[in-house]
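Here the structure comes first, spelled out in structure tokens, and everything after it is commentary.
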Amino acid sequence: MGLLRLMMPPKLQLLALLAFAVAMFFLENQIQKLEESRGKLERAIARHEVREIEQRHTQDSLRERDSSTASLSDSEDDIVIIYNRVPKTASTSFTNIAYDLCGKNHYHVLHINTTKNNPVMSIQDQVRFVKNVTEWREMKPAFYHGHVSFLDFTKFGVKRKPIYINVIRDPIERLVSYYYFLRFGDDYRPGLRRRKQGDKKTFDECVSAGGSDCAPEKLWLQIPFFCGHYSECWNVGSQWALEQAKYNLVNEYMLVGVTEELEDFVMMLEAALPRFFKGATELYKTGKKSHLRKTSEKKPPTKESIAKLQQSAIWKMENEFYEFALEQFQFVRAHAVREKDGELYLLAQNFFYEKIYPKN
């Protein structure tokens with residue numbers, strides 16, 4: 001390079017130096033532009049990655065929300081209610097509400113019709129029934145009703161048990177109603193011939209004569225219905241059956257009402273299970289079918305007839321069970337509704353969540 005400068009004239013040397021400086025400036029300028037372009041590209045890539053992450057997060061959140069909503073919907077649509085109704089406890093009046101609401105609230109109502117109204121199923125029918133209730137998806141959500149004693153679904157290895165509800169009645173009033181029903185029927189199907197039709201004997205006359213249709217043994221019905229499919233349940237006067245019926249009422253039934261306070265029962269069901277019973281209270285108050293079934297020609301028994309039945313050990317046990325159910329129902333009602341100016345209203349939600357960790 002030094003030899004080159006010695007051989008070049010001074011003007012050429014100056015021009016060469018100037019050209020070199022210009023080339024270096026141009027080169028540095030291009031390098032700077034490349035650096036700026038690289039920075040822009042990196043920032044663009046970073047923004048794109050952030051957008052992708054945000055989009056994935058949003059999509060995941062939407063999927064989780066949709067999944068959660070679907071799970072909730074699936075859970076609500078998987079509900080099965082069993083109302084193993086005791087005869088002559090206003091069960092038809094209540095069941096009519098379920099039939100009137102099923103179309104509007106989108107569920108199915110199925111009547112369990114057993115041969116000769118036998119409340120005890122054979123073991124093979126128990127298996128069939130459990131399989132139907134748990135696996136018949138086309139019928140869910142479902143409301144099953146029928147004169148069938150309580151069936152423990154856990155014995156059959158099912159993961160999700162149905163919800164049991166029921167209504168019971170003062171045992172003597174129930175027996176009196178059933179006595180006249182067998183003779184005179186009711187206003188639900190007035191033309192249907194009943195088993196004891198033509199027998200004009202009153203309930204008091206039956207008690208006085210010691211008749212079998214009004215015997216204390218006929219009171220033994222509500223206990224075995226709640227006790228279930230055990231042989232001891234149907235042994236009249238069994239203390240074990242009474243205790244088992246109490247246990248099942250508290251542990252296996254979501255709600256058990258009483259005939260004498262049926263409107264309160266309907267109101268609490270609507271609050272607890274709106275998927276099925278939304279609109280039930282108003283329908284009960286104003287609907288034409290709410291009190292449709294009334295036993296014809298029913299005459300209230302005399303104090304003497306009542307006193308005679310109350311002397312029996314069977315009445316004492318059935319009445320103990322009724323009083324137990326009534327006390328439980330009134331306890332649940334006291335924590336669910338309040339009365340104001342003669343009207344009942346439901347209490348608002350009385351719990352909330354706080355101190356939720358970890359913080360997001």
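Identifiers for the structure tokens are assigned positionally: chains receive A, B, ... in sequence, residues are indexed from 1 per chain, and ligands are indexed from 1 in the order shown.
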
Which of region 87-331 of chain A DSSP labels helix (DSSP H, G or I), written as a PyMOL selection string: chain A and resi 91-105+115-117+123-135+137-139+153-156+171-184+203-209+212-214+216-219+222-227+231-234+239-252+259-272+274-277+280-286+303-310+313-331

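Contact shell of region 95-102 of chain A at 9 Å (only C-alpha atoms; same-chain neighbours under 5 positions omitted): Tyr83, Ala90, Tyr107, His108, Val109, Phe143, His145, Phe276, Phe277, Lys278, Gly279, Ala280, Leu283, Tyr284, Gly287, Lys289, Ser290 and Leu292 of chain A.
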
Restrict the selected residues to C-alpha atoms and save them as a JSON list (two decimals), in the first residue's frame.
[["chain", "number", "residue", "atom", "x", "y", "z"],
["A", 83, "TYR", "CA", -90.99, -40.59, 43.65],
["A", 90, "ALA", "CA", -102.11, -36.88, 47.64],
["A", 107, "TYR", "CA", -87.94, -33.71, 31.05],
["A", 108, "HIS", "CA", -89.67, -37.09, 30.87],
["A", 109, "VAL", "CA", -92.24, -38.53, 33.27],
["A", 143, "PHE", "CA", -89.12, -38.25, 36.80],
["A", 145, "HIS", "CA", -93.18, -42.40, 39.96],
["A", 276, "PHE", "CA", -87.87, -29.95, 37.02],
["A", 277, "PHE", "CA", -90.16, -27.83, 39.17],
["A", 278, "LYS", "CA", -89.85, -24.28, 37.84],
["A", 279, "GLY", "CA", -93.39, -22.88, 37.93],
["A", 280, "ALA", "CA", -94.71, -25.65, 40.22],
["A", 283, "LEU", "CA", -99.34, -24.19, 39.10],
["A", 284, "TYR", "CA", -100.26, -25.78, 42.43],
["A", 287, "GLY", "CA", -103.87, -25.14, 38.26],
["A", 289, "LYS", "CA", -105.34, -30.49, 38.38],
["A", 290, "SER", "CA", -103.65, -29.70, 41.66],
["A", 292, "LEU", "CA", -107.95, -33.31, 41.12]]

Shell around region 233-246 of chain A at 6 Å using only C-alpha atoms, local window under 6 positions removed, as number ranges by chain: A: 223-224, 226-227, 314

Show me a table, sorted first by chain and then by increasing residue number, of the residues of region 268-325 of chain A having an atom at most 12 Å from region 345-349 of chain A, each with its shortest atom pair and the distance in Å to one decimal, counting only C-alpha atoms and written as a tab-separated table.
residue	atom	partner	partner_atom	distance
A:Met268	CA	A:Leu346	CA	7.9
A:Leu269	CA	A:Leu346	CA	11.1
A:Glu270	CA	A:Leu346	CA	10.1
A:Ala271	CA	A:Leu346	CA	7.7
A:Ala272	CA	A:Leu346	CA	10.6
A:Thr281	CA	A:Tyr345	CA	10.9

Dump of N, CA, C and O atoms for the selected residues, as a PDB file, in the first residue's frame:
ATOM      1  N   MET A 268     -90.570 -25.805  48.111  1.00  0.00           N
ATOM      2  CA  MET A 268     -89.168 -26.127  48.391  1.00  0.00           C
ATOM      3  C   MET A 268     -88.548 -26.944  47.267  1.00  0.00           C
ATOM      4  O   MET A 268     -87.368 -26.787  46.953  1.00  0.00           O
ATOM      5  N   LEU A 269     -89.345 -27.811  46.640  1.00  0.00           N
ATOM      6  CA  LEU A 269     -88.834 -28.553  45.483  1.00  0.00           C
ATOM      7  C   LEU A 269     -88.508 -27.613  44.330  1.00  0.00           C
ATOM      8  O   LEU A 269     -87.502 -27.794  43.635  1.00  0.00           O
ATOM      9  N   GLU A 270     -89.361 -26.624  44.115  1.00  0.00           N
ATOM     10  CA  GLU A 270     -89.094 -25.663  43.036  1.00  0.00           C
ATOM     11  C   GLU A 270     -87.797 -24.912  43.296  1.00  0.00           C
ATOM     12  O   GLU A 270     -87.020 -24.653  42.369  1.00  0.00           O
ATOM     13  N   ALA A 271     -87.543 -24.559  44.556  1.00  0.00           N
ATOM     14  CA  ALA A 271     -86.305 -23.846  44.896  1.00  0.00           C
ATOM     15  C   ALA A 271     -85.086 -24.732  44.751  1.00  0.00           C
ATOM     16  O   ALA A 271     -84.033 -24.291  44.289  1.00  0.00           O
ATOM     17  N   ALA A 272     -85.217 -26.009  45.125  1.00  0.00           N
ATOM     18  CA  ALA A 272     -84.061 -26.916  45.120  1.00  0.00           C
ATOM     19  C   ALA A 272     -83.805 -27.534  43.753  1.00  0.00           C
ATOM     20  O   ALA A 272     -82.643 -27.755  43.371  1.00  0.00           O
ATOM     21  N   THR A 281     -95.048 -24.031  42.003  1.00  0.00           N
ATOM     22  CA  THR A 281     -95.818 -23.401  43.081  1.00  0.00           C
ATOM     23  C   THR A 281     -97.026 -22.670  42.524  1.00  0.00           C
ATOM     24  O   THR A 281     -98.146 -22.806  43.031  1.00  0.00           O
TER      25      THR A 281
END

Exercise: Asp204 (chain A) partners within 7 Å, only C-alpha atoms, chain neighbours under 2 positions left out, as number ranges by chain: A: 202, 206-208, 301-302, 305

Gap from CA of Pro141 (chain A) to CA of Arg85 (chain A) - Å, one decimal: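 Pair CA of Pro141 (chain A) / CA of Arg85 (chain A) returns 19.0 Å.
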
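Among the candidate residues A:His48, A:Lys161, A:Arg174, A:Lys200, the one lying nearest to Lys218 (chain A) is A:Arg174, with distances computed using only C-alpha atoms.
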
Long-range neighbours of Ile306 (chain A) as a list in words, 12 Å cut-off, only C-alpha atoms, 6 positions minimum in chain: Asp170, Pro171, Ile172, Glu173, Leu175, Val176, Phe203, Asp204, Val207, Ser208, Cys214, Ala215, Pro216, Pro300, Ser312 and Trp315 of chain A

Emit the selected residues as a short mmCIF file (atom, residue, chain, number, x, y, z; two decimals), in the first residue's frame, including C-alpha atoms.
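That gives us again.cif:
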data_model
loop_
_atom_site.label_atom_id
_atom_site.label_comp_id
_atom_site.auth_asym_id
_atom_site.auth_seq_id
_atom_site.Cartn_x
_atom_site.Cartn_y
_atom_site.Cartn_z
CA ASP A 170 -101.15 -39.02 59.07
CA PRO A 171 -101.53 -42.84 59.23
CA ILE A 172 -105.18 -42.96 60.33
CA GLU A 173 -106.25 -40.33 57.80
CA LEU A 175 -106.18 -45.53 56.08
CA VAL A 176 -109.62 -43.87 56.17
CA PHE A 203 -115.24 -46.96 58.50
CA ASP A 204 -116.70 -46.57 62.00
CA VAL A 207 -113.86 -50.62 63.35
CA SER A 208 -116.74 -51.45 65.66
CA CYS A 214 -109.78 -51.25 59.03
CA ALA A 215 -107.59 -53.44 61.23
CA PRO A 216 -104.42 -51.89 62.72
CA PRO A 300 -114.42 -38.66 58.98
CA SER A 312 -102.47 -50.62 68.86
CA TRP A 315 -100.38 -47.28 65.07
#
